[in-house]
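Listing of my_file_25.txt, compact mmCIF, C-alpha atoms and all ligand atoms
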```
# COMPACT_ATOMS: atom_id res chain seq x y z
CA MET A 1 107.29 99.55 146.11
CA ILE A 2 105.18 100.23 143.05
CA ASN A 3 103.13 103.39 143.37
CA GLU A 4 99.71 102.24 142.22
CA THR A 5 98.17 105.71 142.05
CA ARG A 6 101.00 107.02 139.93
CA LEU A 7 100.94 103.96 137.65
CA VAL A 8 97.22 104.39 137.04
CA GLU A 9 97.63 108.12 136.37
CA THR A 10 100.39 107.44 133.87
CA PHE A 11 98.25 104.82 132.15
CA LEU A 12 95.22 107.12 131.97
CA ASP A 13 97.38 109.97 130.62
CA LEU A 14 98.78 107.72 127.91
CA VAL A 15 95.47 106.24 126.71
CA ARG A 16 94.10 109.78 126.33
CA ILE A 17 96.77 110.53 123.72
CA ASP A 18 95.61 109.34 120.30
CA SER A 19 98.15 106.98 118.74
CA PRO A 20 96.67 104.69 116.08
CA SER A 21 99.46 103.04 114.05
CA GLY A 22 101.15 105.65 111.88
CA GLU A 23 99.97 108.54 114.06
CA GLU A 24 102.49 108.24 116.88
CA ALA A 25 104.20 111.66 116.78
CA ALA A 26 102.35 113.10 119.80
CA ILE A 27 102.82 110.10 122.07
CA ALA A 28 106.44 109.69 120.98
CA GLU A 29 107.06 113.29 122.04
CA GLU A 30 105.40 112.65 125.41
CA LEU A 31 107.42 109.48 126.00
CA LYS A 32 110.65 111.17 125.00
CA ASP A 33 109.96 113.89 127.61
CA ARG A 34 109.00 111.44 130.34
CA LEU A 35 112.00 109.19 129.78
CA GLY A 36 114.32 112.18 129.58
CA GLN A 37 112.99 113.54 132.87
CA LEU A 38 113.78 110.19 134.50
CA GLY A 39 117.39 110.65 133.44
CA LEU A 40 117.52 108.27 130.50
CA THR A 41 119.32 109.08 127.26
CA VAL A 42 116.62 109.07 124.63
CA GLU A 43 116.93 108.45 120.89
CA ARG A 44 114.08 108.67 118.44
CA ASP A 45 114.43 107.37 114.87
CA GLU A 46 112.67 108.77 111.81
CA MET A 47 109.73 106.38 112.32
CA ASN A 48 109.33 107.59 115.95
CA ASN A 49 110.63 104.37 117.51
CA ILE A 50 112.16 105.23 120.86
CA VAL A 51 115.27 103.71 122.40
CA ALA A 52 116.21 105.04 125.85
CA ARG A 53 119.13 103.94 127.97
CA LEU A 54 119.90 103.87 131.66
CA PRO A 55 123.35 102.62 132.72
CA GLY A 56 123.46 99.99 135.44
CA GLN A 57 125.23 96.94 136.82
CA GLY A 58 125.30 93.44 135.36
CA GLU A 59 123.83 92.00 132.19
CA ALA A 60 121.94 94.43 129.98
CA LEU A 61 118.19 94.08 129.67
CA ILE A 62 115.63 95.25 127.11
CA LEU A 63 112.29 96.54 128.35
CA ALA A 64 109.98 96.68 125.34
CA ALA A 65 106.46 97.81 124.50
CA HIS A 66 104.68 99.46 121.57
CA MET A 67 103.08 102.88 121.60
CA ASP A 68 100.57 102.44 118.74
CA THR A 69 97.02 101.13 119.00
CA VAL A 70 94.42 99.60 116.71
CA MET A 71 91.24 101.44 115.69
CA PRO A 72 88.79 102.78 116.77
CA GLY A 73 91.42 104.58 118.83
CA HIS A 74 90.72 108.32 118.55
CA GLY A 75 89.40 110.17 121.61
CA VAL A 76 89.70 107.35 124.14
CA LYS A 77 87.87 108.23 127.36
CA PRO A 78 88.97 105.81 130.07
CA VAL A 79 86.46 104.83 132.75
CA VAL A 80 87.66 103.37 136.07
CA LYS A 81 85.16 101.10 137.79
CA ASP A 82 85.81 98.70 140.68
CA GLY A 83 89.54 98.57 140.07
CA VAL A 84 89.21 97.97 136.35
CA VAL A 85 89.84 100.45 133.53
CA TYR A 86 87.53 100.36 130.51
CA SER A 87 86.92 102.65 127.53
CA ASP A 88 83.55 104.39 127.33
CA GLY A 89 82.49 101.67 124.88
CA SER A 90 82.92 103.73 121.71
CA THR A 91 86.65 103.03 121.26
CA ILE A 92 89.28 100.54 122.21
CA LEU A 93 91.05 101.30 125.51
CA GLY A 94 94.61 101.03 124.29
CA ALA A 95 95.82 98.87 127.18
CA ASP A 96 97.41 97.09 124.22
CA ASP A 97 99.97 98.32 124.66
CA LYS A 98 99.91 101.44 126.83
CA SER A 99 99.64 99.21 129.88
CA GLY A 100 103.10 97.94 128.88
CA VAL A 101 104.41 101.48 128.42
CA ALA A 102 102.92 102.60 131.75
CA VAL A 103 104.44 99.61 133.56
CA ILE A 104 107.87 100.38 132.11
CA LEU A 105 107.62 104.05 133.13
CA GLU A 106 106.51 103.14 136.65
CA VAL A 107 109.30 100.59 137.05
CA LEU A 108 111.88 103.16 135.87
CA GLN A 109 110.50 105.81 138.18
CA THR A 110 110.62 103.43 141.15
CA ILE A 111 114.20 102.43 140.36
CA VAL A 112 115.36 106.01 139.97
CA GLU A 113 113.52 107.37 143.04
CA CYS A 114 114.45 104.55 145.39
CA GLU A 115 117.94 104.24 143.88
CA LEU A 116 117.43 100.52 143.43
CA PRO A 117 120.22 98.44 141.90
CA HIS A 118 119.38 97.55 138.31
CA PRO A 119 121.06 96.21 135.16
CA PRO A 120 121.91 98.46 132.21
CA LEU A 121 118.50 99.09 130.67
CA GLU A 122 117.51 99.57 127.05
CA VAL A 123 113.93 100.76 126.83
CA VAL A 124 112.52 100.11 123.37
CA ILE A 125 109.09 101.54 122.58
CA THR A 126 108.10 100.86 119.00
CA VAL A 127 105.57 102.27 116.56
CA GLN A 128 103.31 100.40 114.11
CA GLU A 129 103.39 97.08 115.93
CA GLU A 130 99.76 96.56 115.03
CA THR A 131 100.44 96.92 111.31
CA GLY A 132 102.82 94.02 110.79
CA LEU A 133 105.50 94.83 113.39
CA ALA A 134 106.73 97.55 111.02
CA GLY A 135 108.37 99.66 113.72
CA ALA A 136 110.37 96.80 115.25
CA LYS A 137 111.37 95.61 111.78
CA ALA A 138 112.71 99.05 110.83
CA LEU A 139 114.45 99.64 114.16
CA ASP A 140 118.25 99.50 114.02
CA LYS A 141 118.71 96.45 116.28
CA SER A 142 122.49 96.50 115.85
CA ARG A 143 122.57 99.43 118.28
CA LEU A 144 121.05 97.37 121.08
CA GLN A 145 123.55 95.79 123.47
CA ALA A 146 121.20 93.58 125.49
CA LYS A 147 120.86 89.90 124.65
CA MET A 148 117.69 89.38 126.64
CA GLY A 149 114.58 91.27 127.45
CA ILE A 150 110.99 91.50 128.52
CA SER A 151 108.30 92.73 126.17
CA PHE A 152 105.22 93.93 128.06
CA ASP A 153 102.66 93.12 125.40
CA ALA A 154 100.52 90.15 126.39
CA GLY A 155 97.28 89.42 128.20
CA GLU A 156 95.90 86.76 130.52
CA LEU A 157 96.62 86.40 134.23
CA PRO A 158 99.62 88.09 135.85
CA GLY A 159 102.64 85.80 135.59
CA THR A 160 101.71 84.63 132.09
CA ILE A 161 104.92 84.42 130.09
CA VAL A 162 104.68 83.90 126.33
CA VAL A 163 107.63 81.70 125.41
CA SER A 164 106.64 80.73 121.88
CA ALA A 165 105.01 82.44 118.92
CA PRO A 166 104.35 81.29 115.36
CA SER A 167 106.05 82.00 112.06
CA HIS A 168 103.64 83.76 109.77
CA ASN A 169 103.22 83.59 105.99
CA PHE A 170 101.19 86.04 103.94
CA VAL A 171 99.52 84.16 101.09
CA SER A 172 98.21 86.43 98.32
CA ALA A 173 96.63 85.18 95.13
CA VAL A 174 95.21 86.65 91.93
CA VAL A 175 92.94 84.41 89.89
CA HIS A 176 92.75 85.30 86.20
CA GLY A 177 89.67 84.16 84.31
CA LYS A 178 87.97 85.47 81.19
CA ALA A 179 85.38 88.22 81.13
CA VAL A 180 82.34 87.87 78.89
CA HIS A 181 78.71 89.01 78.98
CA ALA A 182 76.96 86.82 81.49
CA GLY A 183 73.68 86.71 79.54
CA THR A 184 74.76 86.25 75.96
CA GLN A 185 77.86 84.05 76.08
CA PRO A 186 78.60 82.70 79.56
CA GLU A 187 80.01 79.46 78.11
CA ARG A 188 82.91 81.42 76.64
CA GLY A 189 83.93 82.96 79.97
CA VAL A 190 86.03 81.71 82.84
CA ASN A 191 84.61 82.77 86.19
CA ALA A 192 87.51 83.77 88.46
CA LEU A 193 85.19 84.15 91.44
CA LEU A 194 84.03 80.58 91.07
CA VAL A 195 87.63 79.38 90.88
CA ALA A 196 88.45 81.28 94.08
CA ALA A 197 85.40 79.85 95.82
CA GLN A 198 86.27 76.31 94.72
CA ALA A 199 89.84 76.70 95.96
CA LEU A 200 88.67 78.00 99.35
CA VAL A 201 86.28 75.10 99.78
CA ASP A 202 89.00 72.62 98.84
CA MET A 203 91.74 73.84 101.18
CA PRO A 204 92.08 73.34 104.95
CA LEU A 205 91.44 76.62 106.77
CA GLY A 206 90.83 77.79 110.33
CA ARG A 207 92.31 75.81 113.20
CA ILE A 208 94.56 73.24 111.55
CA ASP A 209 96.09 71.88 114.75
CA GLU A 210 97.21 73.10 118.15
CA GLU A 211 100.05 75.15 116.69
CA THR A 212 98.85 75.90 113.16
CA THR A 213 96.12 78.19 111.78
CA ALA A 214 95.15 79.47 108.33
CA ASN A 215 92.74 82.04 106.97
CA PHE A 216 91.62 83.89 103.88
CA GLY A 217 90.34 87.20 105.15
CA ARG A 218 89.73 89.35 102.12
CA ILE A 219 88.47 88.85 98.60
CA LYS A 220 88.11 91.47 95.89
CA GLY A 221 87.09 91.12 92.31
CA GLY A 222 84.54 91.22 89.55
CA ARG A 223 83.25 94.11 87.49
CA ALA A 224 79.47 93.96 87.38
CA ARG A 225 76.51 91.69 87.99
CA ASN A 226 76.24 90.83 84.32
CA ILE A 227 79.91 90.20 83.57
CA VAL A 228 81.65 86.89 84.19
CA PRO A 229 84.51 88.04 86.48
CA ASP A 230 88.01 87.81 85.03
CA ARG A 231 90.02 88.79 88.05
CA VAL A 232 89.76 88.01 91.77
CA GLU A 233 92.29 88.89 94.43
CA LEU A 234 92.53 86.94 97.69
CA LEU A 235 94.45 87.84 100.83
CA GLY A 236 95.25 85.00 103.19
CA GLU A 237 97.70 83.84 105.79
CA ALA A 238 99.05 80.79 107.55
CA ARG A 239 100.78 80.56 110.91
CA SER A 240 102.48 77.82 112.81
CA ARG A 241 104.92 77.49 115.65
CA ARG A 242 106.49 74.65 113.64
CA LEU A 243 108.16 75.66 110.40
CA ASP A 244 107.55 72.31 108.68
CA LYS A 245 103.84 72.57 109.45
CA LEU A 246 103.75 76.14 108.16
CA GLU A 247 105.32 75.04 104.91
CA ALA A 248 102.95 72.08 104.54
CA GLN A 249 99.89 74.25 105.16
CA THR A 250 101.09 76.95 102.77
CA ALA A 251 101.70 74.31 100.10
CA LYS A 252 98.12 73.01 100.50
CA MET A 253 96.73 76.49 100.01
CA ILE A 254 98.77 77.01 96.85
CA GLU A 255 97.85 73.58 95.55
CA ALA A 256 94.11 74.14 96.04
CA LEU A 257 94.33 77.43 94.15
CA GLU A 258 96.33 75.94 91.30
CA ASP A 259 94.09 72.86 91.03
CA ALA A 260 90.91 74.90 90.96
CA ALA A 261 92.37 77.24 88.36
CA GLN A 262 93.45 74.38 86.17
CA ARG A 263 90.11 72.58 86.36
CA HIS A 264 88.24 75.71 85.26
CA GLY A 265 90.67 76.90 82.61
CA ALA A 266 91.87 79.84 84.69
CA THR A 267 95.35 80.79 85.85
CA VAL A 268 96.47 81.89 89.26
CA ASP A 269 99.45 83.87 90.57
CA VAL A 270 100.27 83.09 94.19
CA GLU A 271 102.71 85.10 96.24
CA VAL A 272 103.97 83.92 99.62
CA THR A 273 105.97 86.21 101.88
CA ARG A 274 107.22 85.59 105.40
CA ALA A 275 105.64 88.26 107.60
CA TYR A 276 107.88 87.28 110.51
CA ASP A 277 109.67 84.30 111.99
CA GLY A 278 108.47 82.42 115.04
CA TYR A 279 110.40 81.63 118.17
CA THR A 280 110.38 79.13 120.99
CA LEU A 281 112.33 79.69 124.18
CA ALA A 282 113.05 76.73 126.42
CA GLU A 283 111.97 76.65 130.03
CA GLU A 284 115.69 76.66 130.88
CA ALA A 285 116.45 79.81 128.85
CA VAL A 286 117.95 82.34 131.27
CA VAL A 287 115.30 84.98 130.75
CA VAL A 288 112.46 82.47 131.17
CA ARG A 289 113.93 80.88 134.26
CA ARG A 290 114.65 84.21 135.93
CA LEU A 291 111.31 85.68 135.04
CA ALA A 292 109.58 82.65 136.53
CA THR A 293 111.64 83.17 139.70
CA ALA A 294 110.66 86.85 139.76
CA CYS A 295 106.99 85.87 139.46
CA ARG A 296 107.25 83.58 142.48
CA ALA A 297 109.11 86.28 144.42
CA SER A 298 106.10 88.51 143.74
CA GLY A 299 103.68 85.86 144.96
CA VAL A 300 102.46 85.04 141.44
CA GLU A 301 102.55 81.56 139.92
CA PRO A 302 104.30 81.77 136.53
CA SER A 303 102.57 80.20 133.56
CA LEU A 304 104.57 79.54 130.38
CA VAL A 305 102.30 79.65 127.35
CA PRO A 306 102.54 79.59 123.55
CA SER A 307 100.86 82.30 121.51
CA GLY A 308 98.96 82.10 118.25
CA GLY A 309 99.94 85.63 117.29
CA GLY A 310 103.11 87.53 116.58
CA SER A 311 104.49 90.58 118.35
CA ASP A 312 107.65 92.67 118.45
CA ALA A 313 109.19 89.83 120.48
CA ASN A 314 109.27 87.80 117.23
CA ILE A 315 111.51 90.43 115.66
CA PHE A 316 113.86 90.63 118.65
CA ASN A 317 114.18 86.86 118.87
CA ALA A 318 114.87 86.62 115.15
CA HIS A 319 117.83 88.92 115.82
CA GLY A 320 119.38 86.58 118.32
CA MET A 321 118.02 88.14 121.48
CA GLN A 322 115.97 86.19 123.99
CA VAL A 323 112.86 88.25 124.60
CA VAL A 324 109.69 86.95 126.25
CA ASN A 325 106.31 88.56 126.43
CA LEU A 326 104.96 89.16 129.93
CA SER A 327 101.26 89.73 130.63
CA THR A 328 100.23 93.18 131.83
CA GLY A 329 96.69 91.86 132.38
CA MET A 330 95.20 93.47 129.26
CA SER A 331 91.99 91.78 128.21
CA GLY A 332 89.53 91.93 125.29
CA VAL A 333 92.15 93.66 123.15
CA HIS A 334 91.34 94.92 119.64
CA SER A 335 87.73 95.48 120.66
CA THR A 336 85.68 98.18 122.37
CA GLU A 337 85.36 95.80 125.34
CA GLU A 338 89.07 96.07 126.03
CA HIS A 339 89.85 96.53 129.74
CA ILE A 340 92.52 95.98 132.34
CA ALA A 341 92.51 95.38 136.10
CA ILE A 342 94.72 97.84 137.96
CA ALA A 343 95.92 95.08 140.29
CA ASP A 344 97.21 93.12 137.29
CA MET A 345 99.25 96.07 136.03
CA VAL A 346 100.70 96.51 139.51
CA ALA A 347 101.56 92.79 139.71
CA CYS A 348 103.31 93.01 136.33
CA ALA A 349 105.40 95.99 137.47
CA GLU A 350 106.34 94.20 140.69
CA ILE A 351 107.48 91.13 138.76
CA ALA A 352 109.67 93.36 136.58
CA LEU A 353 111.21 94.97 139.66
CA HIS A 354 111.99 91.60 141.20
CA PHE A 355 113.49 90.48 137.91
CA MET A 356 115.87 93.43 137.85
CA GLU A 357 116.78 93.06 141.47
CA ASP A 358 117.80 89.47 140.71
CA LEU A 359 119.68 90.44 137.56
CA SER A 360 121.78 93.14 139.20
CA SER A 361 122.64 91.19 142.34
ZN ZN B 1 100.14 94.70 121.43
```
How does this structure look as structure tokens?
Amino acid sequence: MINETRLVETFLDLVRIDSPSGEEAAIAEELKDRLGQLGLTVERDEMNNIVARLPGQGEALILAAHMDTVMPGHGVKPVVKDGVVYSDGSTILGADDKSGVAVILEVLQTIVECELPHPPLEVVITVQEETGLAGAKALDKSRLQAKMGISFDAGELPGTIVVSAPSHNFVSAVVHGKAVHAGTQPERGVNALLVAAQALVDMPLGRIDEETTANFGRIKGGRARNIVPDRVELLGEARSRRLDKLEAQTAKMIEALEDAAQRHGATVDVEVTRAYDGYTLAEEAVVVRRLATACRASGVEPSLVPSGGGSDANIFNAHGMQVVNLSTGMSGVHSTEEHIAIADMVACAEIALHFMEDLSS
């Protein structure tokens, strides 16, 4: 029932509209118009998050995606070749997550045109997902009725359902040493850069285990070549799908920083903030079970997988909703090699249709 040509056209239209995080006004306007034309009631908050509603029968359902993209995302020129959409190689494509938005629009259009039975729908299209889920965090979730939903913001084969994602800590540190002239009195200084380096060498980083990762990704400090540096800032993170493991890993990072500081006569301030909470949905959770059924009804074998990254689904789940992430087929995201197979987008839309058919029957 999905109109492939129309779906592809919608997708190509959307990727041609610039929408790096924080610059969503134009695409929000376009989406508001499109959803309004389909007969939905559309609300837009001051951040440009969109919530659109379509009344229906049965248990309410959220259909979610995000409208922002990473960089380089200005002037995307999509290229279609052998059933796959690419960028021209100078930008990302923006299938993350305009494939999700296009799938939602196509599913809505099909439902409306063919007058298909469907549950009450709450379409949530957020901004600034790529910059720490800021749009979903700011969204007034108390206005959403649905207790379950599908977020169309994942990759891999069609039928891939992300049922688990990690909790995420930001770990920020400032090492304070003592600045002196490096040539005349180095013995009187305390090298903050050296302390930072020692701490990084001492702590476990990278892949910790199957469900835990850690990284320091940015370091800033020092004044000049000939000055012993007195201040170094480090930005790091830890993630785990198990909270106890996240806490243990975070503690090791703090400990390594404090130990190194102490050994070298420096001090360190460490700040840990929870970027977002993780979630794990059981195979028996209603939304998981029904989505798996919908996959099979579409001739696709469902695959339940954990993720190493967070998404808006983390925010919804933290608010007591059961929201899974379904693959749209996006691939090579956050790079200029990003691409998506048209057949995968179509399969994703068909799964969503089957899901709704089941939910409203
Ligand atoms: Zn995304």
Using only C-alpha atoms and all ligand atoms, determine which residues fall within 8 Å of ligand ZN 1 (chain B), then list them as a list in words.
-> Ala65, His66, Thr69, Asp96, Asp97, Glu129, Glu130, Asp153, Ala154 and Ser311 of chain A
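Here the question is which of A:Ala199, A:Leu157, A:Leu121, A:Leu139 gets nearest to Phe316 of chain A using all atoms listed in the file, and that residue is A:Leu139.
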Hey, which bits of segment 86-166 of chain A sit within 8 Å of segment 27-45 of chain A, and for each residue what's the closest pair of atoms and how far apart in Å (one decimal), counting all atoms listed in the file, rows by chain and increasing number, as a Markdown table?
```
| residue | atom | partner | partner_atom | distance |
| --- | --- | --- | --- | --- |
| A:Leu105 | CA | A:Leu35 | CA | 7.5 |
| A:Leu108 | CA | A:Leu38 | CA | 7.4 |
| A:Gln109 | CA | A:Leu38 | CA | 6.6 |
| A:Val112 | CA | A:Leu38 | CA | 7.1 |
| A:Leu139 | CA | A:Asp45 | CA | 7.8 |
```
Of A:Val323, A:Glu115, A:Val286, A:Leu12, the one nearest to Val84 of chain A when counting all atoms listed in the file is A:Leu12
Please provide as a VMD selection string all residues within 6 Å of Ser331 of chain A, with the sequence filter that same-chain residues fewer than 5 positions apart are discarded (counting all atoms listed in the file).
-> chain A and resid 155 338 to 340
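One finds atom CA of Val79 of chain A at 11.6 Å from atom CA of Thr91 of chain A.
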State, in Å with one decimal place, the distance from atom CA of Glu210 of chain A to atom CA of Thr328 of chain A.
-> 24.5 Å
Among A:Lys81, A:His176, A:Arg223, A:Arg6, Val103 of chain A is approached most closely, using only C-alpha atoms, by A:Arg6
In the coordinates of the file, take the point (86.4, 102.8, 126.2) and a cut-off of 10 Å; then, counting only C-alpha atoms, name each qualifying protein, DNA or RNA residue as an MDAnalysis selection string.
-> chainID A and resid 15 72:73 75:80 85:94 335:339
Could you please take those selected residues and save C-alpha atoms as a compact mmCIF listing (two decimals), in the frame of the given file?
```
# COMPACT_ATOMS: atom_id res chain seq x y z
CA VAL A 15 95.47 106.24 126.71
CA PRO A 72 88.79 102.78 116.77
CA GLY A 73 91.42 104.58 118.83
CA GLY A 75 89.40 110.17 121.61
CA VAL A 76 89.70 107.35 124.14
CA LYS A 77 87.87 108.23 127.36
CA PRO A 78 88.97 105.81 130.07
CA VAL A 79 86.46 104.83 132.75
CA VAL A 80 87.66 103.37 136.07
CA VAL A 85 89.84 100.45 133.53
CA TYR A 86 87.53 100.36 130.51
CA SER A 87 86.92 102.65 127.53
CA ASP A 88 83.55 104.39 127.33
CA GLY A 89 82.49 101.67 124.88
CA SER A 90 82.92 103.73 121.71
CA THR A 91 86.65 103.03 121.26
CA ILE A 92 89.28 100.54 122.21
CA LEU A 93 91.05 101.30 125.51
CA GLY A 94 94.61 101.03 124.29
CA SER A 335 87.73 95.48 120.66
CA THR A 336 85.68 98.18 122.37
CA GLU A 337 85.36 95.80 125.34
CA GLU A 338 89.07 96.07 126.03
CA HIS A 339 89.85 96.53 129.74
```
Can you tell me, as a ChimeraX atom specification, what residues are no more than 12 Å from Arg207 of chain A when counting all atoms listed in the file, ignoring any on the same chain fewer than 5 positions away?
-> /A:212-215,238-240,249,308
Since the input has fewer atoms than a full residue there, write segment 14-42 of chain A out with N, CA and C atoms, as a JSON list (two decimals), in the coordinates of the input.
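As written to disk, part-v7.json reads:
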```json
[["chain", "number", "residue", "atom", "x", "y", "z"],
["A", 14, "LEU", "N", 98.32, 108.27, 129.19],
["A", 14, "LEU", "CA", 98.78, 107.72, 127.91],
["A", 14, "LEU", "C", 97.61, 107.32, 127.00],
["A", 15, "VAL", "N", 96.58, 106.69, 127.58],
["A", 15, "VAL", "CA", 95.47, 106.24, 126.71],
["A", 15, "VAL", "C", 94.68, 107.43, 126.16],
["A", 16, "ARG", "N", 94.80, 108.59, 126.84],
["A", 16, "ARG", "CA", 94.10, 109.78, 126.33],
["A", 16, "ARG", "C", 94.82, 110.43, 125.15],
["A", 17, "ILE", "N", 96.05, 110.00, 124.88],
["A", 17, "ILE", "CA", 96.77, 110.53, 123.72],
["A", 17, "ILE", "C", 96.52, 109.61, 122.53],
["A", 18, "ASP", "N", 95.90, 110.15, 121.49],
["A", 18, "ASP", "CA", 95.61, 109.34, 120.30],
["A", 18, "ASP", "C", 96.91, 108.80, 119.70],
["A", 19, "SER", "N", 96.95, 107.51, 119.39],
["A", 19, "SER", "CA", 98.15, 106.98, 118.74],
["A", 19, "SER", "C", 97.86, 105.74, 117.89],
["A", 20, "PRO", "N", 96.83, 105.82, 117.01],
["A", 20, "PRO", "CA", 96.67, 104.69, 116.08],
["A", 20, "PRO", "C", 97.96, 104.53, 115.26],
["A", 21, "SER", "N", 98.23, 103.32, 114.81],
["A", 21, "SER", "CA", 99.46, 103.04, 114.05],
["A", 21, "SER", "C", 99.65, 104.08, 112.94],
["A", 22, "GLY", "N", 100.85, 104.64, 112.89],
["A", 22, "GLY", "CA", 101.15, 105.65, 111.88],
["A", 22, "GLY", "C", 100.92, 107.07, 112.36],
["A", 23, "GLU", "N", 100.25, 107.20, 113.51],
["A", 23, "GLU", "CA", 99.97, 108.54, 114.06],
["A", 23, "GLU", "C", 100.58, 108.66, 115.46],
["A", 24, "GLU", "N", 101.87, 108.33, 115.55],
["A", 24, "GLU", "CA", 102.49, 108.24, 116.88],
["A", 24, "GLU", "C", 103.27, 109.48, 117.30],
["A", 25, "ALA", "N", 103.32, 110.53, 116.47],
["A", 25, "ALA", "CA", 104.20, 111.66, 116.78],
["A", 25, "ALA", "C", 103.94, 112.25, 118.17],
["A", 26, "ALA", "N", 102.68, 112.45, 118.52],
["A", 26, "ALA", "CA", 102.35, 113.10, 119.80],
["A", 26, "ALA", "C", 102.76, 112.23, 120.98],
["A", 27, "ILE", "N", 102.47, 110.95, 120.92],
["A", 27, "ILE", "CA", 102.82, 110.10, 122.07],
["A", 27, "ILE", "C", 104.33, 109.89, 122.13],
["A", 28, "ALA", "N", 104.98, 109.85, 120.98],
["A", 28, "ALA", "CA", 106.44, 109.69, 120.98],
["A", 28, "ALA", "C", 107.09, 110.89, 121.67],
["A", 29, "GLU", "N", 106.55, 112.06, 121.41],
["A", 29, "GLU", "CA", 107.06, 113.29, 122.04],
["A", 29, "GLU", "C", 106.88, 113.21, 123.56],
["A", 30, "GLU", "N", 105.71, 112.78, 123.97],
["A", 30, "GLU", "CA", 105.40, 112.65, 125.41],
["A", 30, "GLU", "C", 106.34, 111.64, 126.07],
["A", 31, "LEU", "N", 106.56, 110.52, 125.41],
["A", 31, "LEU", "CA", 107.42, 109.48, 126.00],
["A", 31, "LEU", "C", 108.87, 109.93, 126.06],
["A", 32, "LYS", "N", 109.29, 110.65, 125.03],
["A", 32, "LYS", "CA", 110.65, 111.17, 125.00],
["A", 32, "LYS", "C", 110.85, 112.10, 126.21],
["A", 33, "ASP", "N", 109.87, 112.97, 126.46],
["A", 33, "ASP", "CA", 109.96, 113.89, 127.61],
["A", 33, "ASP", "C", 110.00, 113.12, 128.92],
["A", 34, "ARG", "N", 109.09, 112.17, 129.07],
["A", 34, "ARG", "CA", 109.00, 111.44, 130.34],
["A", 34, "ARG", "C", 110.28, 110.64, 130.61],
["A", 35, "LEU", "N", 110.78, 109.99, 129.59],
["A", 35, "LEU", "CA", 112.00, 109.19, 129.78],
["A", 35, "LEU", "C", 113.20, 110.09, 130.04],
["A", 36, "GLY", "N", 113.24, 111.22, 129.36],
["A", 36, "GLY", "CA", 114.32, 112.18, 129.58],
["A", 36, "GLY", "C", 114.31, 112.72, 131.00],
["A", 37, "GLN", "N", 113.10, 113.03, 131.50],
["A", 37, "GLN", "CA", 112.99, 113.54, 132.87],
["A", 37, "GLN", "C", 113.44, 112.51, 133.91],
["A", 38, "LEU", "N", 113.34, 111.24, 133.56],
["A", 38, "LEU", "CA", 113.78, 110.19, 134.50],
["A", 38, "LEU", "C", 115.29, 109.97, 134.41],
["A", 39, "GLY", "N", 115.94, 110.72, 133.52],
["A", 39, "GLY", "CA", 117.39, 110.65, 133.44],
["A", 39, "GLY", "C", 117.93, 109.68, 132.40],
["A", 40, "LEU", "N", 117.05, 109.17, 131.54],
["A", 40, "LEU", "CA", 117.52, 108.27, 130.50],
["A", 40, "LEU", "C", 118.00, 109.08, 129.29],
["A", 41, "THR", "N", 118.91, 108.49, 128.52],
["A", 41, "THR", "CA", 119.32, 109.08, 127.26],
["A", 41, "THR", "C", 118.34, 108.57, 126.22],
["A", 42, "VAL", "N", 117.69, 109.48, 125.53],
["A", 42, "VAL", "CA", 116.62, 109.07, 124.63],
["A", 42, "VAL", "C", 116.98, 109.32, 123.17]]
```
